[in-house]
file final.txt (compact mmCIF, C-alpha atoms)
# COMPACT_ATOMS: atom_id res chain seq x y z
CA MET F 1 14.12 20.39 -15.53
CA LYS F 2 11.35 18.34 -17.16
CA ARG F 3 12.13 15.19 -15.19
CA SER F 4 12.29 17.19 -11.96
CA LEU F 5 8.83 18.60 -12.60
CA VAL F 6 7.48 15.10 -13.27
CA PHE F 7 8.98 13.85 -10.00
CA LEU F 8 7.50 16.73 -7.98
CA MET F 9 4.08 16.38 -9.62
CA LEU F 10 3.96 12.72 -8.64
CA LEU F 11 4.80 13.60 -5.06
CA PHE F 12 2.06 16.18 -4.63
CA LEU F 13 -0.68 14.66 -6.78
CA SER F 14 -0.44 11.28 -5.09
CA LEU F 15 -0.95 12.55 -1.54
CA PRO F 16 -4.70 13.34 -1.64
CA LEU F 17 -5.48 10.05 -3.36
CA TYR F 18 -3.40 8.11 -0.92
CA ALA F 19 -5.08 9.71 2.06
CA GLN F 20 -8.43 8.19 1.12
CA TRP F 21 -7.41 4.55 1.67
CA ASP F 22 -8.57 3.11 5.00
CA TRP F 23 -9.20 -0.58 4.21
CA GLY F 24 -12.44 -0.45 6.17
CA TYR F 25 -10.81 0.46 9.47
CA GLU F 26 -11.90 3.28 11.73
CA PHE F 27 -9.51 5.90 13.00
CA GLY F 28 -7.73 5.50 16.30
CA LYS F 29 -6.76 1.85 15.84
CA GLU F 30 -3.31 2.08 17.41
CA GLY F 31 -2.26 -1.16 19.06
CA THR F 32 -5.15 -3.23 17.69
CA THR F 33 -3.22 -5.55 15.37
CA GLY F 34 -0.78 -8.35 15.99
CA PHE F 35 2.46 -9.55 14.35
CA GLN F 36 3.97 -6.10 14.93
CA PHE F 37 7.47 -7.35 14.08
CA LEU F 38 6.41 -7.32 10.40
CA LYS F 39 6.50 -3.52 10.56
CA ILE F 40 10.21 -3.38 11.43
CA ASP F 41 12.38 -2.33 8.48
CA VAL F 42 14.58 -5.08 7.05
CA GLY F 43 17.96 -4.11 5.64
CA ALA F 44 20.47 -1.36 6.32
CA ARG F 45 20.23 0.40 2.96
CA GLY F 46 16.46 0.83 3.03
CA ASN F 47 16.39 1.92 6.64
CA SER F 48 19.21 4.44 6.17
CA MET F 49 17.10 6.04 3.42
CA GLY F 50 14.34 6.67 5.95
CA GLY F 51 12.32 3.62 4.93
CA ALA F 52 11.44 5.27 1.59
CA TYR F 53 12.54 2.17 -0.24
CA SER F 54 9.65 0.40 -1.99
CA SER F 55 10.46 2.25 -5.22
CA VAL F 56 14.24 1.71 -4.84
CA SER F 57 14.70 -1.87 -3.62
CA LYS F 58 15.79 -4.49 -6.15
CA GLY F 59 17.22 -7.94 -5.70
CA ALA F 60 16.60 -10.53 -3.00
CA GLU F 61 16.09 -7.94 -0.25
CA ALA F 62 13.13 -6.47 -2.15
CA ILE F 63 10.93 -9.34 -0.97
CA PHE F 64 10.79 -7.51 2.38
CA TRP F 65 9.99 -4.10 0.82
CA ASN F 66 8.21 -4.60 -2.49
CA PRO F 67 8.14 -8.08 -4.08
CA ALA F 68 8.02 -6.51 -7.55
CA GLY F 69 11.67 -5.56 -7.02
CA ILE F 70 12.89 -9.15 -6.99
CA ALA F 71 12.08 -9.23 -10.73
CA TYR F 72 15.42 -7.47 -11.23
CA VAL F 73 17.49 -10.36 -9.86
CA GLU F 74 20.15 -11.46 -12.35
CA GLY F 75 21.25 -15.04 -11.82
CA LYS F 76 21.15 -15.75 -8.09
CA ASP F 77 21.06 -13.20 -5.31
CA PHE F 78 21.50 -13.69 -1.55
CA PHE F 79 20.73 -11.20 1.21
CA THR F 80 20.98 -11.26 4.99
CA CYS F 81 20.58 -8.64 7.71
CA TYR F 82 21.21 -8.43 11.45
CA THR F 83 19.56 -5.80 13.64
CA GLY F 84 20.22 -5.20 17.30
CA TRP F 85 16.66 -4.15 18.12
CA LEU F 86 15.34 -2.31 21.15
CA CYS F 87 15.38 -3.78 24.68
CA GLY F 88 18.02 -6.36 23.81
CA MET F 89 15.97 -8.08 21.11
CA THR F 90 17.53 -9.33 17.86
CA HIS F 91 15.89 -9.00 14.46
CA ASN F 92 17.30 -11.24 11.72
CA ALA F 93 16.41 -11.75 8.08
CA ALA F 94 17.65 -13.68 5.05
CA SER F 95 16.41 -14.13 1.50
CA VAL F 96 17.39 -15.68 -1.82
CA GLY F 97 16.30 -14.67 -5.31
CA LEU F 98 16.52 -17.15 -8.23
CA ASN F 99 16.05 -15.99 -11.81
CA PHE F 100 14.47 -18.49 -14.21
CA PRO F 101 14.62 -17.03 -17.75
CA SER F 102 11.23 -16.72 -19.48
CA PHE F 103 9.48 -17.77 -16.24
CA GLY F 104 10.35 -15.06 -13.74
CA VAL F 105 12.08 -14.78 -10.38
CA LEU F 106 11.37 -16.80 -7.26
CA GLY F 107 12.21 -15.46 -3.83
CA ILE F 108 12.51 -17.32 -0.54
CA SER F 109 12.70 -15.42 2.74
CA PHE F 110 13.02 -15.88 6.48
CA LEU F 111 12.43 -13.27 9.18
CA SER F 112 12.59 -13.54 12.97
CA LEU F 113 12.47 -11.44 16.11
CA ARG F 114 13.91 -13.06 19.22
CA LEU F 115 13.32 -11.80 22.74
CA THR F 116 15.72 -12.40 25.58
CA ASP F 117 14.34 -15.05 27.94
CA PHE F 118 12.69 -13.47 30.96
CA GLU F 119 11.25 -14.47 34.32
CA GLU F 120 7.54 -15.14 34.58
CA THR F 121 5.47 -12.81 36.77
CA THR F 122 1.90 -13.24 38.03
CA VAL F 123 -0.63 -11.21 39.97
CA GLU F 124 0.27 -13.17 43.07
CA LYS F 125 4.04 -12.92 42.43
CA PRO F 126 4.72 -9.63 40.62
CA ASP F 127 8.43 -9.89 41.42
CA GLY F 128 8.76 -13.19 39.58
CA THR F 129 7.95 -16.85 40.00
CA GLY F 130 11.43 -18.15 39.23
CA ARG F 131 10.26 -19.79 35.98
CA ILE F 132 12.02 -18.62 32.80
CA VAL F 133 9.81 -17.87 29.80
CA GLY F 134 10.81 -17.79 26.13
CA ALA F 135 9.16 -15.87 23.28
CA GLY F 136 9.76 -15.21 19.61
CA VAL F 137 8.15 -14.63 16.24
CA TYR F 138 9.11 -15.62 12.72
CA ALA F 139 7.91 -15.56 9.11
CA ILE F 140 8.78 -17.80 6.15
CA GLY F 141 7.89 -16.50 2.70
CA LEU F 142 7.78 -17.53 -0.95
CA GLY F 143 7.59 -14.80 -3.57
CA TYR F 144 7.32 -14.49 -7.34
CA ALA F 145 7.90 -11.53 -9.64
CA LYS F 146 8.26 -10.86 -13.33
CA ARG F 147 9.16 -7.95 -15.59
CA TYR F 148 6.30 -7.79 -18.06
CA THR F 149 7.87 -4.88 -19.95
CA ASP F 150 11.09 -2.93 -19.60
CA LYS F 151 9.14 -0.44 -17.48
CA PHE F 152 6.71 -2.54 -15.43
CA SER F 153 7.12 -5.38 -12.96
CA LEU F 154 4.63 -7.13 -10.70
CA GLY F 155 5.36 -9.28 -7.67
CA ALA F 156 3.61 -11.14 -4.87
CA ASN F 157 4.71 -12.86 -1.69
CA VAL F 158 2.93 -15.35 0.57
CA LYS F 159 4.31 -15.91 4.05
CA PHE F 160 3.55 -18.10 7.02
CA VAL F 161 3.76 -16.03 10.20
CA ALA F 162 3.88 -17.50 13.70
CA GLU F 163 4.23 -16.08 17.19
CA ASN F 164 5.18 -18.04 20.30
CA LEU F 165 4.88 -17.03 23.94
CA ASP F 166 5.72 -19.75 26.43
CA GLY F 167 4.31 -22.50 24.24
CA GLU F 168 1.18 -20.60 23.13
CA PHE F 169 1.11 -20.08 19.35
CA ALA F 170 -0.68 -17.79 16.94
CA SER F 171 -0.19 -18.19 13.20
CA SER F 172 -1.57 -17.07 9.86
CA PHE F 173 -0.85 -16.93 6.13
CA LEU F 174 -0.38 -13.37 4.87
CA PHE F 175 0.11 -11.90 1.39
CA ASP F 176 2.00 -8.97 -0.12
CA VAL F 177 1.37 -7.58 -3.62
CA GLY F 178 3.51 -4.87 -5.21
CA THR F 179 4.19 -3.09 -8.49
CA LEU F 180 7.08 -1.06 -9.84
CA TYR F 181 6.59 1.20 -12.87
CA TYR F 182 9.06 3.47 -14.65
CA ILE F 183 7.13 6.57 -15.66
CA TYR F 184 9.75 8.81 -17.23
CA GLU F 185 13.43 7.97 -17.67
CA ASP F 186 14.58 6.88 -14.19
CA ILE F 187 11.52 8.19 -12.34
CA ARG F 188 9.47 5.29 -11.03
CA MET F 189 6.46 4.70 -8.85
CA ALA F 190 5.85 1.77 -6.53
CA THR F 191 2.62 0.57 -4.95
CA LEU F 192 2.37 -2.04 -2.22
CA ILE F 193 -0.31 -3.73 -0.15
CA SER F 194 1.24 -5.87 2.58
CA ASN F 195 0.17 -8.31 5.27
CA ILE F 196 -3.24 -9.12 3.80
CA GLY F 197 -4.84 -12.08 5.55
CA GLY F 198 -7.33 -13.38 8.03
CA ASP F 199 -7.44 -12.89 11.77
CA ALA F 200 -5.22 -14.98 14.02
CA VAL F 201 -6.20 -16.43 17.41
CA TYR F 202 -3.98 -15.96 20.44
CA PHE F 203 -4.98 -17.04 23.97
CA TYR F 204 -8.58 -17.43 22.75
CA ASP F 205 -8.69 -13.88 21.40
CA SER F 206 -8.45 -12.95 17.72
CA PHE F 207 -6.51 -10.06 16.21
CA ARG F 208 -6.02 -8.58 12.78
CA PRO F 209 -2.73 -8.55 10.88
CA PRO F 210 -0.99 -5.17 10.38
CA VAL F 211 -2.25 -4.46 6.85
CA SER F 212 -0.57 -1.45 5.25
CA PHE F 213 -0.52 0.50 2.00
CA LYS F 214 2.53 2.21 0.54
CA LEU F 215 2.99 4.54 -2.39
CA GLY F 216 6.54 5.48 -3.27
CA VAL F 217 8.39 7.48 -5.91
CA ALA F 218 12.09 7.67 -6.67
CA ASP F 219 14.47 9.16 -9.20
CA ASP F 220 18.12 8.52 -10.09
CA ILE F 221 20.09 11.60 -11.12
CA ASP F 222 23.52 11.55 -12.77
CA LEU F 223 25.78 14.25 -11.38
CA ARG F 224 29.29 15.05 -12.50
CA ASN F 225 32.57 13.30 -11.69
CA ASN F 226 31.16 9.78 -11.27
CA LEU F 227 28.58 10.96 -8.74
CA ASN F 228 25.01 9.66 -8.77
CA LEU F 229 22.10 10.72 -6.61
CA THR F 230 18.89 8.87 -5.69
CA LEU F 231 15.94 10.70 -4.17
CA SER F 232 12.95 8.85 -2.76
CA ALA F 233 9.73 9.53 -0.90
CA GLU F 234 7.03 7.22 0.37
CA TRP F 235 3.60 7.61 1.92
CA HIS F 236 2.80 4.86 4.35
CA HIS F 237 -0.76 4.18 5.46
CA PRO F 238 -0.85 1.53 8.21
CA THR F 239 -4.31 0.44 9.27
CA ASP F 240 -3.38 0.57 12.95
CA ALA F 241 -1.72 4.00 13.08
CA ARG F 242 -1.74 7.39 11.42
CA GLU F 243 -0.24 8.04 8.00
CA ARG F 244 3.47 8.69 7.69
CA LEU F 245 5.83 10.24 5.19
CA ASN F 246 9.32 8.79 4.72
CA THR F 247 12.05 10.48 2.70
CA GLY F 248 15.50 9.33 1.68
CA ILE F 249 18.61 10.30 -0.23
CA GLU F 250 21.62 8.33 -1.44
CA LEU F 251 24.85 9.71 -2.90
CA ARG F 252 27.04 7.20 -4.78
CA PHE F 253 30.61 7.58 -5.95
CA MET F 254 31.59 5.41 -8.92
CA ASP F 255 28.69 3.13 -7.91
CA ARG F 256 31.02 1.72 -5.22
CA ILE F 257 30.69 3.88 -2.12
CA SER F 258 27.38 5.23 -0.88
CA LEU F 259 26.37 7.76 1.75
CA ARG F 260 22.71 7.83 2.80
CA GLY F 261 20.29 9.72 4.95
CA GLY F 262 16.58 9.92 5.61
CA TYR F 263 13.83 11.19 7.85
CA LYS F 264 10.57 9.57 9.00
CA PHE F 265 7.96 12.29 9.31
CA LEU F 266 4.85 11.84 11.50
CA SER F 267 6.33 8.78 13.17
CA ASP F 268 5.54 8.37 16.86
CA THR F 269 9.00 7.16 17.79
CA GLU F 270 11.49 7.34 14.88
CA THR F 271 13.27 10.39 13.48
CA PHE F 272 16.38 10.54 11.31
CA THR F 273 18.43 7.75 9.77
CA VAL F 274 21.94 7.67 8.29
CA GLY F 275 24.12 4.99 6.76
CA MET F 276 26.71 3.98 4.24
CA GLY F 277 27.40 1.15 1.82
CA LEU F 278 30.17 -0.52 -0.13
CA LEU F 279 29.88 -2.47 -3.37
CA THR F 280 32.75 -4.69 -4.50
CA SER F 281 33.48 -7.50 -6.95
CA LEU F 282 35.31 -10.72 -6.12
CA GLY F 283 35.65 -12.81 -9.26
CA PRO F 284 32.16 -13.96 -10.29
CA PHE F 285 30.62 -12.49 -7.10
CA ASP F 286 29.30 -8.97 -6.55
CA GLY F 287 29.13 -8.13 -2.87
CA ARG F 288 27.17 -5.44 -1.02
CA LEU F 289 27.88 -4.39 2.55
CA ASP F 290 25.62 -1.81 4.22
CA TYR F 291 25.30 -0.16 7.62
CA SER F 292 22.56 2.04 9.09
CA TYR F 293 21.89 4.00 12.26
CA ASN F 294 18.30 4.74 13.31
CA ASN F 295 17.49 7.33 15.98
CA PHE F 296 14.48 6.98 18.30
CA ARG F 297 12.62 9.45 20.50
CA TYR F 298 11.69 9.24 24.19
CA SER F 299 15.07 7.91 25.37
CA LEU F 300 14.52 4.64 23.50
CA GLY F 301 18.04 4.93 22.15
CA SER F 302 19.15 3.87 18.70
CA VAL F 303 19.15 0.84 16.43
CA GLN F 304 22.00 -0.27 14.19
CA ARG F 305 21.77 -2.66 11.26
CA MET F 306 24.29 -4.56 9.15
CA SER F 307 23.37 -6.11 5.80
CA LEU F 308 25.23 -8.30 3.36
CA GLY F 309 24.25 -9.09 -0.21
CA ILE F 310 25.93 -11.37 -2.76
CA ASN F 311 25.00 -11.75 -6.43
CA PHE F 312 26.43 -14.62 -8.45

call {"tool": "encode", "arguments": {"input": "final.txt", "output": "structure tokens"}}
result
Amino acid sequence: MKRSLVFLMLLFLSLPLYAQWDWGYEFGKEGTTGFQFLKIDVGARGNSMGGAYSSVSKGAEAIFWNPAGIAYVEGKDFFTCYTGWLCGMTHNAASVGLNFPSFGVLGISFLSLRLTDFEETTVEKPDGTGRIVGAGVYAIGLGYAKRYTDKFSLGANVKFVAENLDGEFASSFLFDVGTLYYIYEDIRMATLISNIGGDAVYFYDSFRPPVSFKLGVADDIDLRNNLNLTLSAEWHHPTDARERLNTGIELRFMDRISLRGGYKFLSDTETFTVGMGLLTSLGPFDGRLDYSYNNFRYSLGSVQRMSLGINF
């Protein structure tokens, strides 16, 4: 009962404080930032828990959610994810975490969003000119994290982000900074500031990066008969959209099979998420295989993700 009260108090007391952050932006800034692909969730497990994952993610995949989580890498950890995104686009990610005792953990990441080649159109030829145009965006990152106590870890990530449209490029260096703190038993709180950086120039116009703030809480609960439950919630304050609340739940059996669900409240387009995962051991390797399904409004359809993780 005591730990449940602590968890609920964190949820409700954090909301009014979180609502005050605006990073100097005015309201009504939808669609005013670039590099929007950085806002797409990376990884099936995190997405299937409704994106409420900054206080849950650990290992190499954490570099995409909260770099403080890579501090929990033991040995070497590899992660990759494939997402069949909307409108035929593909969203791919990969990362590696390397633990150096007494120094900390280094993380290396790659992220890309590839559009299907399309025909150029102009004002004079709105039906197409016959010339095929290519476009894509990517990010390469280097992160570092360390566990300073058994309850607190701090991590940061710097990434080079570039966007290409028919040979025209925009690029910038952006930073993420996150913390993970265990408050009481398995109850922890995560804070994250992501995509901090200067403006980028594209076709002679400048735009801001999609800076965002996140505050998450999570708790692991031991049930009976080898059942474990994880509850998570996260307030997300993007500087180019209204605040959102993400919630997630994960039920694990013998720490091998997981069933997950989540809901993204106040989102313009996303609603519920579901997924499942499998953890297995093959000799010196521990493997993780995850799947998620993400539902969208307005006849946009759905998005499915597959993730693979290997620790060795």

call {"tool": "residues_around", "arguments": {"input": "final.txt", "residues": "Asn295 (chain F)", "least_positions_apart": "6", "cutoff": "8 Å", "atoms": "only C-alpha atoms", "output": "ChimeraX atom specification"}}
result
/F:270-273,301-303

call {"tool": "atom_distance", "arguments": {"input": "final.txt", "atom1": "CA of Asp268 (chain F)", "atom2": "CA of Ala170 (chain F)"}}
result
26.9 Å

call {"tool": "atom_distance", "arguments": {"input": "final.txt", "atom1": "CA of Tyr202 (chain F)", "atom2": "CA of Leu86 (chain F)"}}
result
23.7 Å

call {"tool": "closest_residue", "arguments": {"input": "final.txt", "among": "F:Arg242, F:Lys39, F:Arg260, F:Arg147", "to": "Gly104 (chain F)", "atoms": "all atoms listed in the file"}}
result
F:Arg147

call {"tool": "atom_distance", "arguments": {"input": "final.txt", "atom1": "CA of His237 (chain F)", "atom2": "CA of Ser299 (chain F)"}}
result
25.7 Å

call {"tool": "closest_atom_pairs", "arguments": {"input": "final.txt", "of": "region 178-288 of chain F", "to": "region 45-54 of chain F", "cutoff": "10 Å", "atoms": "all atoms listed in the file", "output": "JSON lines"}}
result
{"residue": "F:Gly178", "atom": "CA", "partner": "F:Ser54", "partner_atom": "CA", "distance": 8.7}
{"residue": "F:Thr179", "atom": "CA", "partner": "F:Ser54", "partner_atom": "CA", "distance": 9.2}
{"residue": "F:Leu180", "atom": "CA", "partner": "F:Ser54", "partner_atom": "CA", "distance": 8.4}
{"residue": "F:Met189", "atom": "CA", "partner": "F:Ser54", "partner_atom": "CA", "distance": 8.7}
{"residue": "F:Ala190", "atom": "CA", "partner": "F:Ser54", "partner_atom": "CA", "distance": 6.1}
{"residue": "F:Thr191", "atom": "CA", "partner": "F:Ser54", "partner_atom": "CA", "distance": 7.6}
{"residue": "F:Leu192", "atom": "CA", "partner": "F:Ser54", "partner_atom": "CA", "distance": 7.7}
{"residue": "F:Lys214", "atom": "CA", "partner": "F:Ser54", "partner_atom": "CA", "distance": 7.8}
{"residue": "F:Leu215", "atom": "CA", "partner": "F:Ser54", "partner_atom": "CA", "distance": 7.9}
{"residue": "F:Gly216", "atom": "CA", "partner": "F:Ser54", "partner_atom": "CA", "distance": 6.1}
{"residue": "F:Val217", "atom": "CA", "partner": "F:Ser54", "partner_atom": "CA", "distance": 8.2}
{"residue": "F:Ala218", "atom": "CA", "partner": "F:Tyr53", "partner_atom": "CA", "distance": 8.5}
{"residue": "F:Thr230", "atom": "CA", "partner": "F:Met49", "partner_atom": "CA", "distance": 9.7}
{"residue": "F:Leu231", "atom": "CA", "partner": "F:Met49", "partner_atom": "CA", "distance": 9.0}
{"residue": "F:Ser232", "atom": "CA", "partner": "F:Ala52", "partner_atom": "CA", "distance": 5.8}
{"residue": "F:Ala233", "atom": "CA", "partner": "F:Ala52", "partner_atom": "CA", "distance": 5.2}
{"residue": "F:Glu234", "atom": "CA", "partner": "F:Ala52", "partner_atom": "CA", "distance": 5.0}
{"residue": "F:Trp235", "atom": "CA", "partner": "F:Ala52", "partner_atom": "CA", "distance": 8.2}
{"residue": "F:His236", "atom": "CA", "partner": "F:Ala52", "partner_atom": "CA", "distance": 9.1}
{"residue": "F:Leu245", "atom": "CA", "partner": "F:Ala52", "partner_atom": "CA", "distance": 8.3}
{"residue": "F:Asn246", "atom": "CA", "partner": "F:Ala52", "partner_atom": "CA", "distance": 5.2}
{"residue": "F:Thr247", "atom": "CA", "partner": "F:Ala52", "partner_atom": "CA", "distance": 5.4}
{"residue": "F:Gly248", "atom": "CA", "partner": "F:Met49", "partner_atom": "CA", "distance": 4.1}
{"residue": "F:Ile249", "atom": "CA", "partner": "F:Met49", "partner_atom": "CA", "distance": 5.8}
{"residue": "F:Glu250", "atom": "CA", "partner": "F:Met49", "partner_atom": "CA", "distance": 7.0}
{"residue": "F:Ser258", "atom": "CA", "partner": "F:Arg45", "partner_atom": "CA", "distance": 9.4}
{"residue": "F:Leu259", "atom": "CA", "partner": "F:Ser48", "partner_atom": "CA", "distance": 9.0}
{"residue": "F:Arg260", "atom": "CA", "partner": "F:Met49", "partner_atom": "CA", "distance": 5.9}
{"residue": "F:Gly261", "atom": "CA", "partner": "F:Met49", "partner_atom": "CA", "distance": 5.1}
{"residue": "F:Gly262", "atom": "CA", "partner": "F:Gly50", "partner_atom": "CA", "distance": 4.0}
{"residue": "F:Tyr263", "atom": "CA", "partner": "F:Gly50", "partner_atom": "CA", "distance": 4.9}
{"residue": "F:Lys264", "atom": "CA", "partner": "F:Gly50", "partner_atom": "CA", "distance": 5.7}
{"residue": "F:Phe265", "atom": "CA", "partner": "F:Gly50", "partner_atom": "CA", "distance": 9.1}
{"residue": "F:Glu270", "atom": "CA", "partner": "F:Gly50", "partner_atom": "CA", "distance": 9.4}
{"residue": "F:Thr271", "atom": "CA", "partner": "F:Gly50", "partner_atom": "CA", "distance": 8.5}
{"residue": "F:Phe272", "atom": "CA", "partner": "F:Gly50", "partner_atom": "CA", "distance": 6.9}
{"residue": "F:Thr273", "atom": "CA", "partner": "F:Ser48", "partner_atom": "CA", "distance": 5.0}
{"residue": "F:Val274", "atom": "CA", "partner": "F:Ser48", "partner_atom": "CA", "distance": 4.7}
{"residue": "F:Gly275", "atom": "CA", "partner": "F:Ser48", "partner_atom": "CA", "distance": 5.0}
{"residue": "F:Met276", "atom": "CA", "partner": "F:Arg45", "partner_atom": "CA", "distance": 7.5}
{"residue": "F:Gly277", "atom": "CA", "partner": "F:Arg45", "partner_atom": "CA", "distance": 7.3}
{"residue": "F:Arg288", "atom": "CA", "partner": "F:Arg45", "partner_atom": "CA", "distance": 9.9}

call {"tool": "residues_around", "arguments": {"input": "final.txt", "residues": "Met306 (chain F)", "least_positions_apart": "4", "cutoff": "8 Å", "atoms": "only C-alpha atoms", "output": "list in words"}}
result
Gly43, Ala44, Cys81, Tyr82, Thr83, Leu289, Asp290, Tyr291 and Ser292 of chain F

call {"tool": "residues_around", "arguments": {"input": "final.txt", "residues": "Glu163 (chain F)", "least_positions_apart": "6", "cutoff": "7 Å", "atoms": "all atoms listed in the file", "output": "list of chain:residue names"}}
result
F:Gly136, F:Val137, F:Tyr138, F:Phe169, F:Ala170, F:Ser171

call {"tool": "axis_aligned_box", "arguments": {"input": "final.txt", "around": "region 83-90 of chain F", "padding_each_side": "8 Å", "output": "AutoDock Vina command-line options"}}
result
--center_x 17.8 --center_y -5.8 --center_z 19.2 --size_x 20.9 --size_y 23.0 --size_z 27.0

call {"tool": "closest_residue", "arguments": {"input": "final.txt", "among": "F:Gly134, F:Gly84, F:Gly75, F:Pro67", "to": "Ala156 (chain F)", "atoms": "all atoms listed in the file"}}
result
F:Pro67

call {"tool": "residues_near_point", "arguments": {"input": "final.txt", "point": "(8.2, -5.9, 7.8)", "cutoff": "10 Å", "atoms": "all atoms listed in the file", "output": "PyMOL selection string"}}
result
chain F and resi 35-42+63-65+111+139+194-195+210

call {"tool": "write_last_selection", "arguments": {"input": "final.txt", "atoms": "C-alpha atoms", "output": "compact mmCIF listing (two decimals), in the coordinates of the input"}}
result
# COMPACT_ATOMS: atom_id res chain seq x y z
CA PHE F 35 2.46 -9.55 14.35
CA GLN F 36 3.97 -6.10 14.93
CA PHE F 37 7.47 -7.35 14.08
CA LEU F 38 6.41 -7.32 10.40
CA LYS F 39 6.50 -3.52 10.56
CA ILE F 40 10.21 -3.38 11.43
CA ASP F 41 12.38 -2.33 8.48
CA VAL F 42 14.58 -5.08 7.05
CA ILE F 63 10.93 -9.34 -0.97
CA PHE F 64 10.79 -7.51 2.38
CA TRP F 65 9.99 -4.10 0.82
CA LEU F 111 12.43 -13.27 9.18
CA ALA F 139 7.91 -15.56 9.11
CA SER F 194 1.24 -5.87 2.58
CA ASN F 195 0.17 -8.31 5.27
CA PRO F 210 -0.99 -5.17 10.38

call {"tool": "closest_residue", "arguments": {"input": "final.txt", "among": "F:Val211, F:Ile70, F:Val56, F:His91", "to": "Ser307 (chain F)", "atoms": "only C-alpha atoms"}}
result
F:His91

call {"tool": "closest_residue", "arguments": {"input": "final.txt", "among": "F:Thr80, F:Ser172, F:Ser206, F:Thr33", "to": "Ile108 (chain F)", "atoms": "all atoms listed in the file"}}
result
F:Thr80

call {"tool": "closest_residue", "arguments": {"input": "final.txt", "among": "F:Ile140, F:Arg256, F:Gly34, F:Ser109", "to": "Gly198 (chain F)", "atoms": "all atoms listed in the file"}}
result
F:Gly34

call {"tool": "closest_residue", "arguments": {"input": "final.txt", "among": "F:Leu154, F:Val133, F:Leu98, F:Ile196", "to": "Gly69 (chain F)", "atoms": "only C-alpha atoms"}}
result
F:Leu154

call {"tool": "decode", "arguments": {"input": "final.txt", "residues": "region 273-286 of chain F", "atoms": "N, CA and C atoms", "output": "CSV table (one decimal), in the first residue's frame"}}
result
chain,number,residue,atom,x,y,z
F,273,THR,N,-2.1,1.3,-28.1
F,273,THR,CA,-1.0,0.4,-28.6
F,273,THR,C,-1.1,-0.9,-27.9
F,274,VAL,N,-0.6,-2.0,-28.5
F,274,VAL,CA,-0.5,-3.3,-27.9
F,274,VAL,C,0.7,-4.0,-28.5
F,275,GLY,N,1.2,-5.0,-27.8
F,275,GLY,CA,2.4,-5.7,-28.2
F,275,GLY,C,2.7,-6.9,-27.3
F,276,MET,N,3.7,-7.6,-27.7
F,276,MET,CA,4.2,-8.7,-26.9
F,276,MET,C,5.7,-8.9,-27.1
F,277,GLY,N,6.3,-9.6,-26.2
F,277,GLY,CA,7.8,-9.8,-26.3
F,277,GLY,C,8.2,-11.2,-25.8
F,278,LEU,N,9.4,-11.6,-26.2
F,278,LEU,CA,9.9,-12.9,-25.8
F,278,LEU,C,11.4,-12.7,-25.5
F,279,LEU,N,11.8,-13.2,-24.4
F,279,LEU,CA,13.2,-13.2,-23.9
F,279,LEU,C,13.7,-14.6,-23.8
F,280,THR,N,14.9,-14.9,-24.4
F,280,THR,CA,15.4,-16.2,-24.5
F,280,THR,C,16.9,-16.1,-24.3
F,281,SER,N,17.5,-17.3,-23.9
F,281,SER,CA,19.0,-17.3,-23.8
F,281,SER,C,19.5,-18.4,-24.7
F,282,LEU,N,20.6,-18.0,-25.4
F,282,LEU,CA,21.3,-19.0,-26.3
F,282,LEU,C,22.8,-19.0,-26.0
F,283,GLY,N,23.2,-19.9,-25.1
F,283,GLY,CA,24.6,-19.9,-24.6
F,283,GLY,C,24.9,-18.6,-23.9
F,284,PRO,N,25.9,-17.9,-24.4
F,284,PRO,CA,26.3,-16.6,-23.7
F,284,PRO,C,25.5,-15.4,-24.1
F,285,PHE,N,24.5,-15.6,-25.0
F,285,PHE,CA,23.7,-14.5,-25.5
F,285,PHE,C,22.3,-14.5,-24.9
F,286,ASP,N,21.8,-13.4,-24.6
F,286,ASP,CA,20.4,-13.2,-24.1
F,286,ASP,C,19.7,-12.4,-25.2
